[in-house]
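The data block below is data-v2.cif; it holds mmCIF, C-alpha atoms.
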```cif
data_work
loop_
_atom_site.group_PDB
_atom_site.id
_atom_site.type_symbol
_atom_site.label_atom_id
_atom_site.label_comp_id
_atom_site.auth_asym_id
_atom_site.auth_seq_id
_atom_site.Cartn_x
_atom_site.Cartn_y
_atom_site.Cartn_z
ATOM 1 C CA MET A 968 12.444 14.858 -32.700
ATOM 2 C CA ALA A 969 12.073 17.587 -30.096
ATOM 3 C CA ARG A 970 10.326 16.671 -26.865
ATOM 4 C CA PRO A 971 7.038 18.479 -26.166
ATOM 5 C CA ASP A 972 6.971 21.444 -23.804
ATOM 6 C CA GLU A 973 4.986 21.236 -20.563
ATOM 7 C CA ASP A 974 1.650 22.110 -22.173
ATOM 8 C CA GLY A 975 2.240 19.640 -24.972
ATOM 9 C CA LEU A 976 3.283 16.943 -22.530
ATOM 10 C CA ILE A 977 0.089 17.388 -20.513
ATOM 11 C CA ALA A 978 -2.109 17.461 -23.598
ATOM 12 C CA ARG A 979 -0.514 14.371 -25.140
ATOM 13 C CA TYR A 980 -0.126 12.105 -22.132
ATOM 14 C CA PHE A 981 -2.322 13.184 -19.241
ATOM 15 C CA ALA A 982 -5.345 15.041 -20.608
ATOM 16 C CA PRO A 983 -6.798 11.783 -22.006
ATOM 17 C CA LEU A 984 -6.928 10.472 -18.423
ATOM 18 C CA ALA A 985 -8.787 13.486 -17.025
ATOM 19 C CA GLY A 986 -12.148 13.016 -15.367
ATOM 20 C CA PRO A 987 -15.213 15.201 -14.833
ATOM 21 C CA GLY A 988 -14.390 18.527 -13.266
ATOM 22 C CA ALA A 989 -10.855 18.586 -14.668
ATOM 23 C CA ASP A 990 -11.734 20.438 -17.913
ATOM 24 C CA GLY A 991 -9.266 18.343 -19.878
ATOM 25 C CA LEU A 992 -6.440 19.603 -17.605
ATOM 26 C CA ARG A 993 -6.601 22.966 -19.363
ATOM 27 C CA ASP A 994 -7.077 24.974 -16.166
ATOM 28 C CA ASP A 995 -5.112 25.490 -12.958
ATOM 29 C CA ALA A 996 -7.652 23.707 -10.736
ATOM 30 C CA ALA A 997 -10.443 21.157 -10.857
ATOM 31 C CA THR A 998 -13.767 20.790 -9.090
ATOM 32 C CA LEU A 999 -15.031 17.741 -7.209
ATOM 33 C CA THR A 1000 -18.481 17.495 -5.652
ATOM 34 C CA PRO A 1001 -18.850 14.799 -2.975
ATOM 35 C CA THR A 1002 -21.797 12.461 -3.087
ATOM 36 C CA PRO A 1003 -24.554 13.918 -0.855
ATOM 37 C CA GLY A 1004 -24.129 12.762 2.738
ATOM 38 C CA HIS A 1005 -20.465 11.878 2.289
ATOM 39 C CA ASP A 1006 -17.136 13.204 3.586
ATOM 40 C CA LEU A 1007 -14.040 13.560 1.431
ATOM 41 C CA VAL A 1008 -10.957 11.597 2.506
ATOM 42 C CA LEU A 1009 -7.579 12.875 1.309
ATOM 43 C CA THR A 1010 -4.152 11.262 1.394
ATOM 44 C CA ALA A 1011 -0.811 11.967 -0.281
ATOM 45 C CA ASP A 1012 2.279 9.833 -0.827
ATOM 46 C CA ALA A 1013 5.288 10.313 -3.064
ATOM 47 C CA ILE A 1014 7.702 7.752 -4.458
ATOM 48 C CA VAL A 1015 11.290 8.639 -5.343
ATOM 49 C CA ALA A 1016 13.631 6.889 -7.766
ATOM 50 C CA GLY A 1017 16.340 5.076 -5.855
ATOM 51 C CA VAL A 1018 14.346 5.163 -2.599
ATOM 52 C CA HIS A 1019 10.950 3.581 -3.315
ATOM 53 C CA TYR A 1020 11.688 1.976 -6.663
ATOM 54 C CA PHE A 1021 14.631 1.147 -8.877
ATOM 55 C CA PRO A 1022 15.154 3.709 -11.670
ATOM 56 C CA ASP A 1023 15.164 0.900 -14.239
ATOM 57 C CA ASP A 1024 11.912 -0.659 -13.034
ATOM 58 C CA PRO A 1025 9.265 -0.854 -15.793
ATOM 59 C CA PRO A 1026 7.662 2.612 -16.145
ATOM 60 C CA ALA A 1027 4.135 1.141 -16.188
ATOM 61 C CA SER A 1028 4.867 -0.614 -12.900
ATOM 62 C CA ILE A 1029 6.200 2.608 -11.380
ATOM 63 C CA ALA A 1030 2.953 4.360 -12.285
ATOM 64 C CA ARG A 1031 0.827 1.543 -10.857
ATOM 65 C CA LYS A 1032 2.843 1.678 -7.646
ATOM 66 C CA ALA A 1033 2.566 5.463 -7.306
ATOM 67 C CA LEU A 1034 -1.197 5.197 -7.650
ATOM 68 C CA GLY A 1035 -1.612 1.982 -5.700
ATOM 69 C CA VAL A 1036 0.154 3.087 -2.512
ATOM 70 C CA ASN A 1037 -2.282 5.980 -2.225
ATOM 71 C CA VAL A 1038 -5.374 3.942 -3.021
ATOM 72 C CA SER A 1039 -4.253 1.525 -0.316
ATOM 73 C CA ASP A 1040 -4.464 4.358 2.220
ATOM 74 C CA LEU A 1041 -8.004 5.149 1.054
ATOM 75 C CA ALA A 1042 -9.064 1.517 1.359
ATOM 76 C CA ALA A 1043 -7.757 1.357 4.929
ATOM 77 C CA LYS A 1044 -9.888 4.368 5.815
ATOM 78 C CA GLY A 1045 -12.959 2.691 4.350
ATOM 79 C CA ALA A 1046 -13.028 5.166 1.460
ATOM 80 C CA ASP A 1047 -13.953 4.715 -2.188
ATOM 81 C CA PRO A 1048 -11.607 6.457 -4.683
ATOM 82 C CA ARG A 1049 -12.918 9.524 -6.526
ATOM 83 C CA GLY A 1050 -9.922 11.291 -8.081
ATOM 84 C CA TYR A 1051 -6.208 12.033 -8.055
ATOM 85 C CA LEU A 1052 -3.738 14.873 -8.372
ATOM 86 C CA LEU A 1053 -0.384 13.913 -9.885
ATOM 87 C CA THR A 1054 2.886 15.790 -9.407
ATOM 88 C CA LEU A 1055 5.590 14.509 -11.716
ATOM 89 C CA ALA A 1056 9.161 15.779 -11.331
ATOM 90 C CA LEU A 1057 11.212 14.405 -14.224
ATOM 91 C CA PRO A 1058 15.019 14.327 -14.518
ATOM 92 C CA ASP A 1059 16.686 15.818 -17.583
ATOM 93 C CA ASP A 1060 17.099 12.463 -19.285
ATOM 94 C CA TRP A 1061 13.389 11.553 -19.491
ATOM 95 C CA THR A 1062 12.212 10.126 -22.785
ATOM 96 C CA GLU A 1063 8.865 10.009 -24.535
ATOM 97 C CA ASP A 1064 9.032 6.217 -24.609
ATOM 98 C CA TRP A 1065 9.351 6.167 -20.804
ATOM 99 C CA LEU A 1066 6.511 8.647 -20.393
ATOM 100 C CA ALA A 1067 4.254 6.772 -22.814
ATOM 101 C CA ALA A 1068 4.766 3.526 -20.857
ATOM 102 C CA PHE A 1069 4.275 5.360 -17.555
ATOM 103 C CA THR A 1070 1.010 6.838 -18.811
ATOM 104 C CA ALA A 1071 -0.173 3.418 -19.965
ATOM 105 C CA GLY A 1072 0.427 2.065 -16.460
ATOM 106 C CA LEU A 1073 -1.397 5.024 -14.971
ATOM 107 C CA ARG A 1074 -4.374 4.353 -17.240
ATOM 108 C CA GLU A 1075 -4.420 0.696 -16.168
ATOM 109 C CA GLY A 1076 -4.309 1.723 -12.523
ATOM 110 C CA LEU A 1077 -7.184 4.163 -12.886
ATOM 111 C CA ALA A 1078 -9.267 1.479 -14.579
ATOM 112 C CA ALA A 1079 -8.453 -1.060 -11.860
ATOM 113 C CA PHE A 1080 -8.798 1.174 -8.794
ATOM 114 C CA GLY A 1081 -11.484 3.673 -9.806
ATOM 115 C CA GLY A 1082 -11.412 7.454 -9.960
ATOM 116 C CA HIS A 1083 -10.008 9.884 -12.512
ATOM 117 C CA LEU A 1084 -7.059 12.206 -12.910
ATOM 118 C CA LEU A 1085 -8.110 15.695 -11.796
ATOM 119 C CA GLY A 1086 -4.896 17.658 -12.225
ATOM 120 C CA GLY A 1087 -1.427 18.146 -10.839
ATOM 121 C CA ASP A 1088 1.896 19.536 -11.987
ATOM 122 C CA THR A 1089 4.851 18.574 -14.174
ATOM 123 C CA VAL A 1090 8.263 19.992 -13.309
ATOM 124 C CA ARG A 1091 11.945 19.344 -13.914
ATOM 125 C CA ALA A 1092 13.735 17.534 -11.092
ATOM 126 C CA ALA A 1093 17.172 18.627 -9.948
ATOM 127 C CA GLY A 1094 17.868 15.026 -8.943
ATOM 128 C CA PRO A 1095 16.031 11.710 -9.342
ATOM 129 C CA ALA A 1096 12.449 11.440 -10.512
ATOM 130 C CA VAL A 1097 9.779 12.150 -7.902
ATOM 131 C CA ILE A 1098 6.170 11.056 -8.379
ATOM 132 C CA GLY A 1099 3.649 12.460 -5.939
ATOM 133 C CA VAL A 1100 -0.017 11.493 -5.856
ATOM 134 C CA THR A 1101 -2.796 13.042 -3.822
ATOM 135 C CA ALA A 1102 -5.738 10.644 -3.698
ATOM 136 C CA ILE A 1103 -9.258 11.777 -2.903
ATOM 137 C CA GLY A 1104 -11.913 9.352 -1.754
ATOM 138 C CA GLU A 1105 -15.192 9.537 0.088
ATOM 139 C CA VAL A 1106 -17.063 7.789 2.891
ATOM 140 C CA PRO A 1107 -20.583 8.160 4.264
ATOM 141 C CA HIS A 1108 -20.547 11.057 6.712
ATOM 142 C CA GLY A 1109 -18.692 10.312 9.945
ATOM 143 C CA THR A 1110 -17.627 6.768 9.048
ATOM 144 C CA MET A 1111 -13.930 7.153 8.191
ATOM 145 C CA LEU A 1112 -11.847 4.590 10.064
ATOM 146 C CA ARG A 1113 -9.054 5.979 12.202
ATOM 147 C CA ARG A 1114 -5.752 4.317 13.011
ATOM 148 C CA MET A 1115 -5.928 4.615 16.798
ATOM 149 C CA GLY A 1116 -9.335 3.138 17.690
ATOM 150 C CA ALA A 1117 -8.283 -0.355 18.804
ATOM 151 C CA ARG A 1118 -9.371 -1.508 22.284
ATOM 152 C CA ILE A 1119 -7.966 -4.084 24.682
ATOM 153 C CA GLY A 1120 -9.208 -7.530 23.633
ATOM 154 C CA ASP A 1121 -9.787 -6.603 19.994
ATOM 155 C CA ARG A 1122 -8.665 -9.148 17.424
ATOM 156 C CA LEU A 1123 -6.024 -8.099 14.914
ATOM 157 C CA CYS A 1124 -6.485 -9.135 11.281
ATOM 158 C CA VAL A 1125 -4.516 -8.682 8.076
ATOM 159 C CA SER A 1126 -5.650 -8.980 4.488
ATOM 160 C CA GLY A 1127 -4.011 -11.015 1.777
ATOM 161 C CA THR A 1128 -0.482 -12.262 2.419
ATOM 162 C CA ILE A 1129 2.413 -10.727 4.315
ATOM 163 C CA GLY A 1130 6.066 -10.354 3.316
ATOM 164 C CA ASP A 1131 5.910 -10.956 -0.435
ATOM 165 C CA ALA A 1132 7.005 -7.463 -1.444
ATOM 166 C CA ALA A 1133 9.828 -7.354 1.113
ATOM 167 C CA LEU A 1134 11.204 -10.614 -0.266
ATOM 168 C CA GLY A 1135 10.669 -9.317 -3.808
ATOM 169 C CA LEU A 1136 12.691 -6.204 -3.024
ATOM 170 C CA ILE A 1137 15.560 -8.328 -1.713
ATOM 171 C CA LEU A 1138 15.480 -10.512 -4.828
ATOM 172 C CA ARG A 1139 15.335 -7.426 -7.066
ATOM 173 C CA GLY A 1140 18.400 -5.877 -5.411
ATOM 174 C CA ALA A 1141 21.930 -5.821 -6.761
ATOM 175 C CA SER A 1142 23.381 -8.006 -3.965
ATOM 176 C CA PRO A 1143 20.834 -10.670 -3.028
ATOM 177 C CA PRO A 1144 21.712 -12.935 -0.070
ATOM 178 C CA ALA A 1145 22.757 -16.571 -0.355
ATOM 179 C CA TRP A 1146 19.204 -17.892 0.076
ATOM 180 C CA ALA A 1147 18.137 -16.100 -3.123
ATOM 181 C CA GLY A 1148 19.920 -18.787 -5.126
ATOM 182 C CA ARG A 1149 17.448 -21.368 -3.805
ATOM 183 C CA VAL A 1150 14.376 -19.456 -5.082
ATOM 184 C CA ASP A 1151 13.077 -20.815 -8.386
ATOM 185 C CA ALA A 1152 12.196 -18.556 -11.298
ATOM 186 C CA ALA A 1153 8.420 -18.704 -10.812
ATOM 187 C CA ASP A 1154 8.588 -17.782 -7.112
ATOM 188 C CA ARG A 1155 11.106 -15.043 -7.821
ATOM 189 C CA ALA A 1156 8.809 -13.534 -10.462
ATOM 190 C CA ALA A 1157 5.768 -13.744 -8.168
ATOM 191 C CA LEU A 1158 7.533 -12.012 -5.277
ATOM 192 C CA ILE A 1159 9.028 -9.248 -7.425
ATOM 193 C CA ASP A 1160 5.613 -8.691 -8.983
ATOM 194 C CA ARG A 1161 4.202 -8.038 -5.497
ATOM 195 C CA TYR A 1162 6.950 -5.450 -4.971
ATOM 196 C CA TRP A 1163 6.206 -3.776 -8.287
ATOM 197 C CA HIS A 1164 2.418 -3.892 -8.117
ATOM 198 C CA PRO A 1165 0.611 -3.197 -4.812
ATOM 199 C CA ARG A 1166 -2.918 -4.619 -4.594
ATOM 200 C CA PRO A 1167 -5.009 -1.980 -2.812
ATOM 201 C CA ARG A 1168 -7.805 -3.795 -0.977
ATOM 202 C CA ILE A 1169 -10.632 -1.572 -2.206
ATOM 203 C CA ALA A 1170 -13.115 -4.433 -1.912
ATOM 204 C CA LEU A 1171 -12.727 -4.250 1.869
ATOM 205 C CA ALA A 1172 -13.560 -0.546 2.259
ATOM 206 C CA ALA A 1173 -17.274 -0.830 3.048
ATOM 207 C CA ILE A 1174 -16.739 -4.038 5.062
ATOM 208 C CA LEU A 1175 -14.172 -2.324 7.274
ATOM 209 C CA ARG A 1176 -16.545 0.599 7.831
ATOM 210 C CA ARG A 1177 -19.212 -1.814 9.071
ATOM 211 C CA HIS A 1178 -17.105 -3.936 11.384
ATOM 212 C CA ALA A 1179 -13.622 -2.640 12.236
ATOM 213 C CA ARG A 1180 -12.681 -0.266 15.057
ATOM 214 C CA ALA A 1181 -9.315 0.739 13.599
ATOM 215 C CA ALA A 1182 -7.431 0.180 10.362
ATOM 216 C CA MET A 1183 -4.335 1.224 8.463
ATOM 217 C CA ASP A 1184 -2.436 -0.078 5.499
ATOM 218 C CA ILE A 1185 0.844 -1.907 6.001
ATOM 219 C CA SER A 1186 3.391 0.167 4.121
ATOM 220 C CA ASP A 1187 6.440 0.205 6.420
ATOM 221 C CA GLY A 1188 6.282 -3.366 7.727
ATOM 222 C CA LEU A 1189 3.757 -5.270 9.838
ATOM 223 C CA ALA A 1190 5.738 -4.977 13.070
ATOM 224 C CA GLY A 1191 6.339 -1.248 12.803
ATOM 225 C CA ASP A 1192 2.891 -0.348 11.559
ATOM 226 C CA LEU A 1193 1.238 -2.405 14.298
ATOM 227 C CA ALA A 1194 3.326 -0.517 16.857
ATOM 228 C CA LYS A 1195 2.110 2.767 15.362
ATOM 229 C CA MET A 1196 -1.512 1.624 15.557
ATOM 230 C CA LEU A 1197 -1.234 0.777 19.263
ATOM 231 C CA LYS A 1198 1.113 3.538 20.422
ATOM 232 C CA GLY A 1199 0.039 5.100 23.722
ATOM 233 C CA GLU A 1200 -3.039 4.506 25.875
ATOM 234 C CA GLY A 1201 -1.538 1.374 27.492
ATOM 235 C CA ARG A 1202 -1.966 -0.953 24.517
ATOM 236 C CA SER A 1203 0.275 -3.665 23.118
ATOM 237 C CA ALA A 1204 -0.374 -6.912 21.235
ATOM 238 C CA GLU A 1205 0.379 -10.620 21.082
ATOM 239 C CA ILE A 1206 0.956 -11.894 17.532
ATOM 240 C CA ASP A 1207 0.983 -15.575 16.588
ATOM 241 C CA LEU A 1208 3.656 -15.948 13.912
ATOM 242 C CA ALA A 1209 2.259 -19.335 12.878
ATOM 243 C CA ALA A 1210 -0.983 -17.570 11.916
ATOM 244 C CA LEU A 1211 0.647 -15.123 9.495
ATOM 245 C CA PRO A 1212 -0.849 -15.594 6.024
ATOM 246 C CA LEU A 1213 1.947 -16.343 3.558
ATOM 247 C CA SER A 1214 1.803 -16.852 -0.173
ATOM 248 C CA GLU A 1215 3.009 -20.195 -1.483
ATOM 249 C CA ALA A 1216 6.149 -18.480 -2.771
ATOM 250 C CA ALA A 1217 6.934 -16.798 0.563
ATOM 251 C CA ALA A 1218 6.226 -20.022 2.474
ATOM 252 C CA ARG A 1219 8.738 -21.898 0.313
ATOM 253 C CA VAL A 1220 11.356 -19.184 0.865
ATOM 254 C CA LEU A 1221 10.772 -19.268 4.631
ATOM 255 C CA ALA A 1222 11.039 -23.056 4.732
ATOM 256 C CA ALA A 1223 14.364 -22.921 2.884
ATOM 257 C CA ALA A 1224 15.703 -19.899 4.776
ATOM 258 C CA PRO A 1225 14.142 -19.438 8.246
ATOM 259 C CA GLU A 1226 16.006 -16.154 8.697
ATOM 260 C CA THR A 1227 13.656 -14.560 6.180
ATOM 261 C CA ILE A 1228 11.024 -14.318 8.910
ATOM 262 C CA MET A 1229 12.612 -10.955 9.763
ATOM 263 C CA PRO A 1230 11.963 -9.227 6.408
ATOM 264 C CA ILE A 1231 8.566 -10.948 6.206
ATOM 265 C CA VAL A 1232 7.514 -9.396 9.521
ATOM 266 C CA SER A 1233 9.343 -6.081 9.365
ATOM 267 C CA GLY A 1234 9.862 -5.363 5.668
ATOM 268 C CA GLY A 1235 7.755 -2.764 3.897
ATOM 269 C CA ASP A 1236 5.638 -2.523 0.752
ATOM 270 C CA ASP A 1237 2.963 -5.071 1.702
ATOM 271 C CA TYR A 1238 0.103 -2.588 1.172
ATOM 272 C CA GLU A 1239 -2.239 -4.977 2.894
ATOM 273 C CA ILE A 1240 -4.811 -3.902 5.502
ATOM 274 C CA LEU A 1241 -4.204 -4.236 9.236
ATOM 275 C CA CYS A 1242 -7.379 -3.852 11.276
ATOM 276 C CA ALA A 1243 -8.677 -4.249 14.823
ATOM 277 C CA VAL A 1244 -12.147 -5.680 15.384
ATOM 278 C CA ALA A 1245 -14.240 -6.457 18.454
ATOM 279 C CA PRO A 1246 -14.377 -10.234 19.125
ATOM 280 C CA GLU A 1247 -18.119 -10.364 18.556
ATOM 281 C CA ARG A 1248 -17.707 -8.822 15.073
ATOM 282 C CA LEU A 1249 -14.817 -10.993 13.918
ATOM 283 C CA ASP A 1250 -16.856 -13.744 12.263
ATOM 284 C CA ALA A 1251 -19.050 -11.297 10.347
ATOM 285 C CA LEU A 1252 -15.992 -9.360 9.187
ATOM 286 C CA ARG A 1253 -14.256 -12.464 7.905
ATOM 287 C CA ILE A 1254 -17.353 -13.931 6.239
ATOM 288 C CA GLU A 1255 -17.960 -10.689 4.309
ATOM 289 C CA ALA A 1256 -14.283 -10.384 3.391
ATOM 290 C CA ASP A 1257 -14.274 -13.942 2.041
ATOM 291 C CA ALA A 1258 -17.399 -13.193 0.004
ATOM 292 C CA ALA A 1259 -15.668 -10.109 -1.440
ATOM 293 C CA GLY A 1260 -12.715 -12.238 -2.544
ATOM 294 C CA CYS A 1261 -10.284 -10.637 -0.122
ATOM 295 C CA PRO A 1262 -9.806 -12.878 2.942
ATOM 296 C CA LEU A 1263 -8.782 -11.511 6.324
ATOM 297 C CA THR A 1264 -6.692 -13.600 8.724
ATOM 298 C CA CYS A 1265 -6.752 -13.163 12.492
ATOM 299 C CA ILE A 1266 -3.130 -13.027 13.687
ATOM 300 C CA GLY A 1267 -3.375 -11.799 17.274
ATOM 301 C CA ILE A 1268 -5.005 -9.804 20.020
ATOM 302 C CA VAL A 1269 -4.679 -6.319 21.516
ATOM 303 C CA THR A 1270 -3.342 -6.566 25.068
ATOM 304 C CA THR A 1271 -2.657 -4.269 27.985
ATOM 305 C CA GLY A 1272 0.888 -2.919 28.096
ATOM 306 C CA GLU A 1273 3.335 -0.194 27.099
ATOM 307 C CA THR A 1274 5.901 -2.409 25.360
ATOM 308 C CA ARG A 1275 6.165 -3.109 21.647
ATOM 309 C CA PRO A 1276 3.941 -5.912 20.318
ATOM 310 C CA THR A 1277 5.196 -9.436 20.960
ATOM 311 C CA PHE A 1278 5.687 -11.799 18.014
ATOM 312 C CA ARG A 1279 5.603 -15.375 19.276
ATOM 313 C CA GLU A 1280 6.628 -18.527 17.448
ATOM 314 C CA ALA A 1281 4.725 -21.813 17.761
ATOM 315 C CA SER A 1282 7.379 -23.012 20.216
ATOM 316 C CA GLY A 1283 6.594 -20.078 22.505
ATOM 317 C CA ARG A 1284 9.862 -18.300 21.721
ATOM 318 C CA THR A 1285 9.587 -14.554 21.163
ATOM 319 C CA LEU A 1286 11.067 -13.112 17.992
ATOM 320 C CA GLY A 1287 13.171 -9.992 18.561
ATOM 321 C CA ILE A 1288 12.084 -7.481 15.920
ATOM 322 C CA GLY A 1289 14.139 -4.377 16.766
ATOM 323 C CA THR A 1290 12.769 -1.129 15.337
ATOM 324 C CA GLY A 1291 10.508 -3.186 13.060
ATOM 325 C CA SER A 1292 9.697 -0.413 10.604
ATOM 326 C CA PHE A 1293 11.042 1.441 7.610
ATOM 327 C CA SER A 1294 11.744 5.116 8.229
ATOM 328 C CA HIS A 1295 13.044 7.845 5.934
ATOM 329 C CA PHE A 1296 14.785 9.701 8.754
#
```
Just dump the structure as structure tokens.
Amino acid sequence: MARPDEDGLIARYFAPLAGPGADGLRDDAATLTPTPGHDLVLTADAIVAGVHYFPDDPPASIARKALGVNVSDLAAKGADPRGYLLTLALPDDWTEDWLAAFTAGLREGLAAFGGHLLGGDTVRAAGPAVIGVTAIGEVPHGTMLRRMGARIGDRLCVSGTIGDAALGLILRGASPPAWAGRVDAADRAALIDRYWHPRPRIALAAILRRHARAAMDISDGLAGDLAKMLKGEGRSAEIDLAALPLSEAAARVLAAAPETIMPIVSGGDDYEILCAVAPERLDALRIEADAAGCPLTCIGIVTTGETRPTFREASGRTLGIGTGSFSHF
């Protein structure tokens, strides 16, 4: 059976996901009216086969990831999702089965994260598949959280658990290290699931607006993203490695293979929130986060200095992180 052309593809797979203002994806643009008294917040991230995901990953998981990494950016800015633009560049060998599963994952993501599909573009890729999402959220006027607002003495907190996705990526790879053989099936599945399916911390958006001075999502590794947050203005940080929140699966891996502290601290794909909060607001922040079902853990303090943040073990020894961040270039 012949594959649909571009118009047929849009009508069959993506028009059912369209929200208000998108006119069923029958036009070249959509409209979006912000809630009165609110600012729009826009972010865009793309994922590429062979770079951000394995080409044979489940298509529904790929869609959830493409959406989730962008929603994570909105959550870190204190924004609530409103809508999305999707650019899908497909290689020549795409199939309707793959696209149907991808669309199902996209539908699940929209239901879980909020917002609707507003438009986008479908094109043929000259190389691997590329999936680009532009996410649009909103915040009450003037309340968007910036990355660079941390002050000396602020406490540094992270949501959820750190390092699961980095370990999952290693386990998912073609040449896993020796320690991978000591990971049982349940822990392996849990860690790979965290790599496949980011959990954008939308429940924290309004809480962060009320209490935090700075926030960003952890996409390229805790160490590297923390360095980005504090770059310039004479700021550094002291991080207590013993305070890092780890899942049960990651804690078991670390106990069996202490060298995995490096990917836990510097590996990417956590999509948790890193935030800086004044000491007098820390308790309120954490109480509200707990009530929202998304705990925040205090892992360190912003200090004076021009050097990279220090990661200190319980013994007092400093862990050498190196560049500490994923980079495309």
Could you write out as JSON, numbers by chain the residues that the PyMOL selection byres ((chain A and resi 1087) around 9) matches in the shown file?
{"A": [992, 995, 996, 1051, 1052, 1053, 1054, 1055, 1084, 1085, 1086, 1088, 1089, 1100, 1101]}
Work out how far CA of Leu1158 (chain A) is from CA of Asp1131 (chain A), in Å to one decimal.
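Result for CA of Asp1131 (chain A) versus CA of Leu1158 (chain A): 5.2 Å, one decimal.
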Of the residues A:Ala1042, A:Ala1068, A:Leu1241, A:Ala1258, which is the one nearest to Gly1188 (chain A), using only C-alpha atoms?
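The answer is A:Leu1241, which sits nearest to Gly1188 (chain A).
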Distance query Gly1081 (chain A) at most 9 Å, all atoms listed in the file, self and fewer than 2 positions along chain excluded, as a list in words:
Asp1047, Pro1048, Arg1049, Gly1050, Gly1076, Leu1077, Ala1078, Ala1079 and His1083 of chain A
Would you write out those residues with C-alpha atoms, as a PDB file, in the frame of the given file?
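The result, written out as again-v8.pdb:
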```
ATOM      1  CA  ASP A1047     -13.953   4.715  -2.188  1.00  0.00           C
ATOM      2  CA  PRO A1048     -11.607   6.457  -4.683  1.00  0.00           C
ATOM      3  CA  ARG A1049     -12.918   9.524  -6.526  1.00  0.00           C
ATOM      4  CA  GLY A1050      -9.922  11.291  -8.081  1.00  0.00           C
ATOM      5  CA  GLY A1076      -4.309   1.723 -12.523  1.00  0.00           C
ATOM      6  CA  LEU A1077      -7.184   4.163 -12.886  1.00  0.00           C
ATOM      7  CA  ALA A1078      -9.267   1.479 -14.579  1.00  0.00           C
ATOM      8  CA  ALA A1079      -8.453  -1.060 -11.860  1.00  0.00           C
ATOM      9  CA  HIS A1083     -10.008   9.884 -12.512  1.00  0.00           C
TER      10      HIS A1083
END
```
Expand the PyMOL selection byres ((chain A and resi 1111-1125) around 7) into the explicit residue set it covers here, and present it as a ChimeraX atom specification.
/A:1044-1045,1106,1109-1110,1126-1127,1176,1180-1183,1196-1197,1202,1239-1246,1263-1271
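Considering the residues A:Leu1189, A:Val1090, A:Leu1009, A:Ala1259 and counting all atoms listed in the file, Asp974 (chain A) has its shortest atom-to-atom contact with A:Val1090.
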Find the spatial neighbours of Pro1107 (chain A), counting all atoms listed in the file, within a cut-off of 8 Å - ignore same-chain residues fewer than 4 positions away - and output them as a PyMOL selection string.
chain A and resi 1004-1006+1111
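Nearest to Ala1013 (chain A) of all the residues A:Leu1136, A:Ala1096, A:Leu1249, A:Ala985 is A:Ala1096, counting all atoms listed in the file.
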